[in-house]
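> Pasting in a structure now, in C-alpha cells, and then I'll have a few things to ask.
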Amino acid sequence: MTAEPLSAEPLPADRTRTDPSPAGPAPAKRLTAVPPVEPASPGSPPSESPATEPTAAEPVVTEPAPAARPRAGLAEALVARRNQLTRAAQWFAGTEGDPYGLLLLRAGADDPARHEERVRERGPLYRSAPLDTWVTAHRAVAEQVLTDPAFDGTGPDGTPVGLDGLPLRSELLSLDRATAARLAPLTAFGGPLLWAREENCVAQRAATYARRLLEGCGEHFDLAEDFARRLPGPVLAEQFSLPDAAHEEFARVLPDCRHALDGLVCPQPYATARATRTAEATVAALLARHLSEAGGAGGAGEDTARAAAVLAVSAAETTAVLIVDTVRRLRARTGAWERLTADPALAAEAVRETLRTAPPVRLETRTTRTETTLAGTELPAGARVAVLMAAAGRDPGAPAGAAPLGLAPDLHFALSAPLITSIAGAALRTLAETLPHLREAGEPVIRPRSPVLLAPARFPVAKRESTPCAS
C-alpha cells in the first residue's frame, strides 16, 4: 500500500544551546510542499527526509541559566514525541485498513471519496477502534453533532491544548462553543471589527484586490499560491482598518498559518507545526497591538483582538481552498466554465455548489462534554466524534434542497463563514470577468497531511488558451 511517510521529526536534543523561547516556536518560514515518498518497507512507518522541509538559519541567542536548559529541552522533546506518536497511530490504523485511518493517512495522495463511502457503508455511526474515534458520513447525525450542546470543541474534555495527542494544535482555533458564541457578534458586518456594513461591500473590495493581483501575474501563474492565498490577507487587513505598515506584514504572514486547520486532526511535521505556531502568534500579536492603538475597535478590548485573530486564521486558507476547488470543478465539467464566463453573476451559486458537494473543510471533530446518545449509540463524556462533512453533504438520504453543510455553524466558522463565502465569490467572479480563457497549465498537487482541507500545494494555470506555433 502506498502511504504518506511518517516524519522522522527531529527532537530538540541539543542541550548546549536553546531556541530564543525554549518551549515556543521557531521563526516562521514559508514551506514548500512535496509529494509523499513511498515507505521504505511495508512493515514499518517510513522516515521523512529532513530535506522536505527547508531549514531557516537560527538566530544567535543568549544562553539561559544551566538549570533551565534541560527542563525546557525535555518539555519540548515530550511535545515533539507526542506529535510523532499520534502520527504513528494514524499510520498503523491506515495500514490495518481502517477507513478513517486511511482518510488521515492518505490525505493528499488519492481521492478520499472512496474511503468516505466505506465509512457510510458501516452505518450512521462507525467506531474507528485503532483511533478511538466515532465517525459519521450521514447528514442527520452530522447536524446533531454540529448543533447539540453535548458536543463541543476539538480537544479532549478538560485537557489543555499541548497536553493531548495533538500537542501542537492551533490555540486560536481550539475554542469552545461558548467562546465562539461570545466572539461571533464582534465579527458581524458593520460590527466593532469589520467596517463593511454588508456582504456586497466586502465583495466589491475583494474584487478590487483580486484584479490587482491578477494584473501582477504573468501569462503563467499558480492559482493557489500567486492568487488565492494572497487575496484574503489584504481584504481582511482593510476590513480591520490596519495601518499601511501593519497591513503589509499581516498580508505577508497570514498565509503561513495555512496548516492550522489540518493540524487540528493530523499532526504536521515538527518543523511545520512550529512555524505555524509562530505565524499564528505573530498574527495575533499584530492584531492585538494595532486594534488596541485604534481604541480597541469599539472598546471590546481583548475579545475583539481574539475574534479578529480567530477570524483571520480560520478564513485565510479556507477561502484559498474554496477558490481553487471551485475553479477546478468548473473546469472539469464540460461547458461549466464557459457558462460562468458568459454570466459571471453565477459565481455565488458556483461557490454554494462547491460548499454543498465538495466543501473546503471535509472533516470536523468534536468531543462529548457529557454522556449522550448519538444514532442510537450511548457515548460517554470525552468521546471523540469525527464528521465527514463532504460525505455528509453528498448523503443520498438528505432532504431535497438542504442547505450546504460545508462550513460548520459553530466554533471558528461561526466567526468567519460570511467572509469566506463573500471573498471566494468575488474572486471567482473576477476570474470569470478578466480571464475567460483561463486554463490549466500543469498537474495540480495536493499538500501532504491535509485531510481537513485537501489543500492545493500548487495549481498551475495560464491566462489564455494555447495556440499552435506559426509554421
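Ordered as shown in the C-alpha cells, chains take letters A, B, and onward, while each chain numbers its residues from 1 and ligands are numbered from 1 in the order shown.
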Can you tell me which residues surround Arg127 of chain A at a distance of at most 12 Å, considering only C-alpha atoms, apart from same-chain residues fewer than 5 positions away, and format the answer as an MDAnalysis selection string?

chainID A and resid 98:101 119:120 122 132:137 377 379 383:387

> Could the residues in this selection be saved with C-alpha atoms as a PDB file, in the first residue's frame?


```
ATOM      1  CA  ASP A  98      -9.416   1.323   8.910  1.00  0.00           C
ATOM      2  CA  PRO A  99     -11.254   3.780   6.602  1.00  0.00           C
ATOM      3  CA  TYR A 100     -10.924   6.725   8.994  1.00  0.00           C
ATOM      4  CA  GLY A 101      -7.237   5.986   9.475  1.00  0.00           C
ATOM      5  CA  VAL A 119     -17.469   4.836   6.359  1.00  0.00           C
ATOM      6  CA  ARG A 120     -21.039   5.435   5.134  1.00  0.00           C
ATOM      7  CA  ARG A 122     -20.729   0.920   8.014  1.00  0.00           C
ATOM      8  CA  ASP A 132     -10.740   5.541  19.395  1.00  0.00           C
ATOM      9  CA  THR A 133     -12.984   7.850  17.351  1.00  0.00           C
ATOM     10  CA  TRP A 134     -16.634   7.647  16.327  1.00  0.00           C
ATOM     11  CA  VAL A 135     -17.125   8.612  12.683  1.00  0.00           C
ATOM     12  CA  THR A 136     -20.195   9.541  10.635  1.00  0.00           C
ATOM     13  CA  ALA A 137     -20.893  10.291   6.983  1.00  0.00           C
ATOM     14  CA  THR A 377     -25.358   4.640  20.491  1.00  0.00           C
ATOM     15  CA  LEU A 379     -21.391   7.792  24.096  1.00  0.00           C
ATOM     16  CA  ALA A 383     -15.700  10.575  23.342  1.00  0.00           C
ATOM     17  CA  ARG A 384     -14.187  11.849  20.096  1.00  0.00           C
ATOM     18  CA  VAL A 385     -16.519  12.196  17.105  1.00  0.00           C
ATOM     19  CA  ALA A 386     -15.453  12.937  13.521  1.00  0.00           C
ATOM     20  CA  VAL A 387     -17.926  14.321  10.983  1.00  0.00           C
TER      21      VAL A 387
END
```

> Enumerate, as an NGL selection string, the complete set of residues in segment 109-356 of chain A that a backbone-based DSSP assignment places in helix (DSSP H, G or I).

:A and (113-121 or 139-147 or 177-187 or 199-216 or 223-228 or 232-239 or 244-257 or 262-264 or 270-293 or 296-299 or 302-332 or 336-342 or 344-356)

> List the spatial neighbours of segment 266-272 of chain A as a list of chain:residue names - criterion: any atom at most 7 Å away, only C-alpha atoms, same-chain residues fewer than 2 positions off excluded.

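Near segment 266-272 of chain A, the qualifying residues are A:Ser7, A:Glu9, A:Ala80, A:Asn83, A:Thr86, A:Arg87, A:Leu104, A:Leu166, A:Asp262, A:Gly263, A:Leu264, A:Arg274, A:Ala275, A:Thr276, A:Arg449.
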
> Expressed in Å to a single decimal, how great is the separation between atom CA of Leu223 of chain A and atom CA of Thr430 of chain A?

13.0 Å

> Hey, what's within 8 Å of segment 185-191 of chain A if we count only C-alpha atoms and toss same-chain stuff fewer than 3 positions away? As number ranges by chain, please?

A: 181-182, 194-199, 304, 307-308, 311, 415-416

> For the residues selected in the previous step, produce a file with all heavy atoms as a short mmCIF file (atom, residue, chain, number, x, y, z; two decimals), in the first residue's frame.


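Result written to result.cif:
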```
data_model
loop_
_atom_site.label_atom_id
_atom_site.label_comp_id
_atom_site.auth_asym_id
_atom_site.auth_seq_id
_atom_site.Cartn_x
_atom_site.Cartn_y
_atom_site.Cartn_z
N ALA A 181 -19.57 31.74 20.56
CA ALA A 181 -20.83 32.49 20.59
C ALA A 181 -20.63 33.90 21.14
O ALA A 181 -21.29 34.86 20.70
CB ALA A 181 -21.86 31.74 21.44
N ARG A 182 -19.71 34.06 22.07
CA ARG A 182 -19.42 35.38 22.62
C ARG A 182 -18.67 36.26 21.62
O ARG A 182 -18.90 37.47 21.54
CB ARG A 182 -18.59 35.23 23.90
CG ARG A 182 -18.37 36.54 24.65
CD ARG A 182 -17.56 36.37 25.90
NE ARG A 182 -16.14 36.23 25.65
CZ ARG A 182 -15.44 35.12 25.86
NH1 ARG A 182 -16.03 34.04 26.35
NH2 ARG A 182 -14.14 35.08 25.61
N LEU A 194 -15.36 44.81 11.56
CA LEU A 194 -15.43 44.96 10.10
C LEU A 194 -16.13 46.27 9.76
O LEU A 194 -17.26 46.50 10.18
CB LEU A 194 -16.19 43.79 9.48
CG LEU A 194 -15.69 42.39 9.85
CD1 LEU A 194 -16.52 41.33 9.15
CD2 LEU A 194 -14.21 42.22 9.52
N TRP A 195 -15.47 47.11 8.97
CA TRP A 195 -16.10 48.39 8.65
C TRP A 195 -17.19 48.23 7.60
O TRP A 195 -18.09 49.07 7.52
CB TRP A 195 -15.07 49.41 8.21
CG TRP A 195 -14.32 49.10 6.95
CD1 TRP A 195 -13.07 48.57 6.85
CD2 TRP A 195 -14.77 49.31 5.61
NE1 TRP A 195 -12.71 48.43 5.54
CE2 TRP A 195 -13.74 48.89 4.75
CE3 TRP A 195 -15.94 49.82 5.04
CZ2 TRP A 195 -13.84 48.95 3.36
CZ3 TRP A 195 -16.04 49.89 3.65
CH2 TRP A 195 -15.01 49.45 2.83
N ALA A 196 -17.14 47.18 6.78
CA ALA A 196 -18.19 46.97 5.77
C ALA A 196 -19.50 46.64 6.46
O ALA A 196 -19.55 45.78 7.35
CB ALA A 196 -17.80 45.85 4.83
N ARG A 197 -20.56 47.29 6.05
CA ARG A 197 -21.86 47.09 6.69
C ARG A 197 -22.67 45.96 6.06
O ARG A 197 -23.70 45.57 6.60
CB ARG A 197 -22.68 48.38 6.67
CG ARG A 197 -22.03 49.49 7.51
CD ARG A 197 -22.99 50.64 7.74
NE ARG A 197 -22.42 51.59 8.69
CZ ARG A 197 -22.48 51.47 10.00
NH1 ARG A 197 -23.09 50.42 10.53
NH2 ARG A 197 -21.93 52.37 10.79
N GLU A 198 -22.22 45.46 4.94
CA GLU A 198 -22.95 44.36 4.28
C GLU A 198 -21.98 43.55 3.44
O GLU A 198 -20.87 43.99 3.10
CB GLU A 198 -24.07 44.92 3.40
CG GLU A 198 -23.60 45.89 2.35
CD GLU A 198 -24.74 46.45 1.53
OE1 GLU A 198 -25.91 46.29 1.95
OE2 GLU A 198 -24.48 47.04 0.48
N GLU A 199 -22.42 42.36 3.08
CA GLU A 199 -21.57 41.43 2.34
C GLU A 199 -21.16 41.99 0.99
O GLU A 199 -20.02 41.79 0.54
CB GLU A 199 -22.31 40.11 2.17
CG GLU A 199 -21.50 39.03 1.48
CD GLU A 199 -22.24 37.71 1.41
OE1 GLU A 199 -23.34 37.62 2.01
OE2 GLU A 199 -21.73 36.78 0.77
N THR A 304 -12.04 41.48 21.26
CA THR A 304 -12.02 41.94 19.88
C THR A 304 -10.77 41.47 19.16
O THR A 304 -10.82 41.00 18.02
CB THR A 304 -12.10 43.48 19.82
OG1 THR A 304 -13.29 43.89 20.47
CG2 THR A 304 -12.11 43.97 18.39
N ALA A 307 -11.10 37.74 18.56
CA ALA A 307 -12.06 37.47 17.49
C ALA A 307 -11.43 37.74 16.13
O ALA A 307 -11.61 36.97 15.18
CB ALA A 307 -13.31 38.32 17.67
N ALA A 308 -10.66 38.82 16.02
CA ALA A 308 -10.01 39.15 14.75
C ALA A 308 -9.01 38.07 14.37
O ALA A 308 -8.94 37.66 13.20
CB ALA A 308 -9.32 40.51 14.86
N LEU A 311 -10.89 34.83 13.33
CA LEU A 311 -11.48 35.05 12.01
C LEU A 311 -10.41 34.94 10.93
O LEU A 311 -10.59 34.24 9.91
CB LEU A 311 -12.16 36.41 11.96
CG LEU A 311 -12.94 36.77 10.69
CD1 LEU A 311 -13.99 37.82 10.99
CD2 LEU A 311 -12.02 37.29 9.58
N LEU A 415 -17.52 32.64 13.23
CA LEU A 415 -16.97 33.99 13.08
C LEU A 415 -16.64 34.33 11.63
O LEU A 415 -16.79 35.48 11.21
CB LEU A 415 -15.69 34.14 13.92
CG LEU A 415 -15.83 34.32 15.43
CD1 LEU A 415 -16.34 33.08 16.13
CD2 LEU A 415 -14.47 34.71 16.03
N SER A 416 -16.17 33.35 10.86
CA SER A 416 -15.56 33.67 9.56
C SER A 416 -16.34 33.23 8.33
O SER A 416 -15.99 33.65 7.23
CB SER A 416 -14.16 33.05 9.50
OG SER A 416 -14.21 31.65 9.67
#
```

> Can you pull out every residue within 8 Å of segment 244-252 of chain A, counting only C-alpha atoms, but drop anything in the same chain fewer than 2 positions away, and send it as a ChimeraX atom specification?

/A:230,232-234,237-238,242,254-255,283,286,290

> For each of A:Ala347, A:Val327, A:Cys257, A:Ala424, take the minimum atom-to-atom distance to Leu172 of chain A, counting only C-alpha atoms, then give the residue where this is smallest.

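When distances to Leu172 of chain A are compared using only C-alpha atoms, the smallest one comes from A:Cys257.
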
> Please provide the set of residues having any atom within 7 Å of segment 329-343 of chain A, restricted to only C-alpha atoms, with same-chain residues fewer than 6 positions apart removed, written as a PyMOL selection string.

chain A and resi 432-433+436

> Smallest atom-to-atom distance to Cys201 of chain A: which of A:Glu215, A:Leu173, A:Ser422, A:Ala129, using only C-alpha atoms?

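Closest to Cys201 of chain A, using only C-alpha atoms: A:Ser422.
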
> My list of candidates is A:Thr147, A:Thr319, A:Thr95, A:Thr326. Which is closest to Ile420 of chain A when distances are computed with only C-alpha atoms?

A:Thr319

> List as a list in words the protein and nucleic acid residues near Pro149 of chain A, meaning an atom at most 10 Å away when only C-alpha atoms are counted, but skip any in the same chain fewer than 2 places from it.

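Residues near the query, excluding close chain neighbours: Gln144, Val145, Leu146, Thr147, Phe151, Asp152, Arg177, Ala178, Thr368, Arg369 and Thr370 of chain A.
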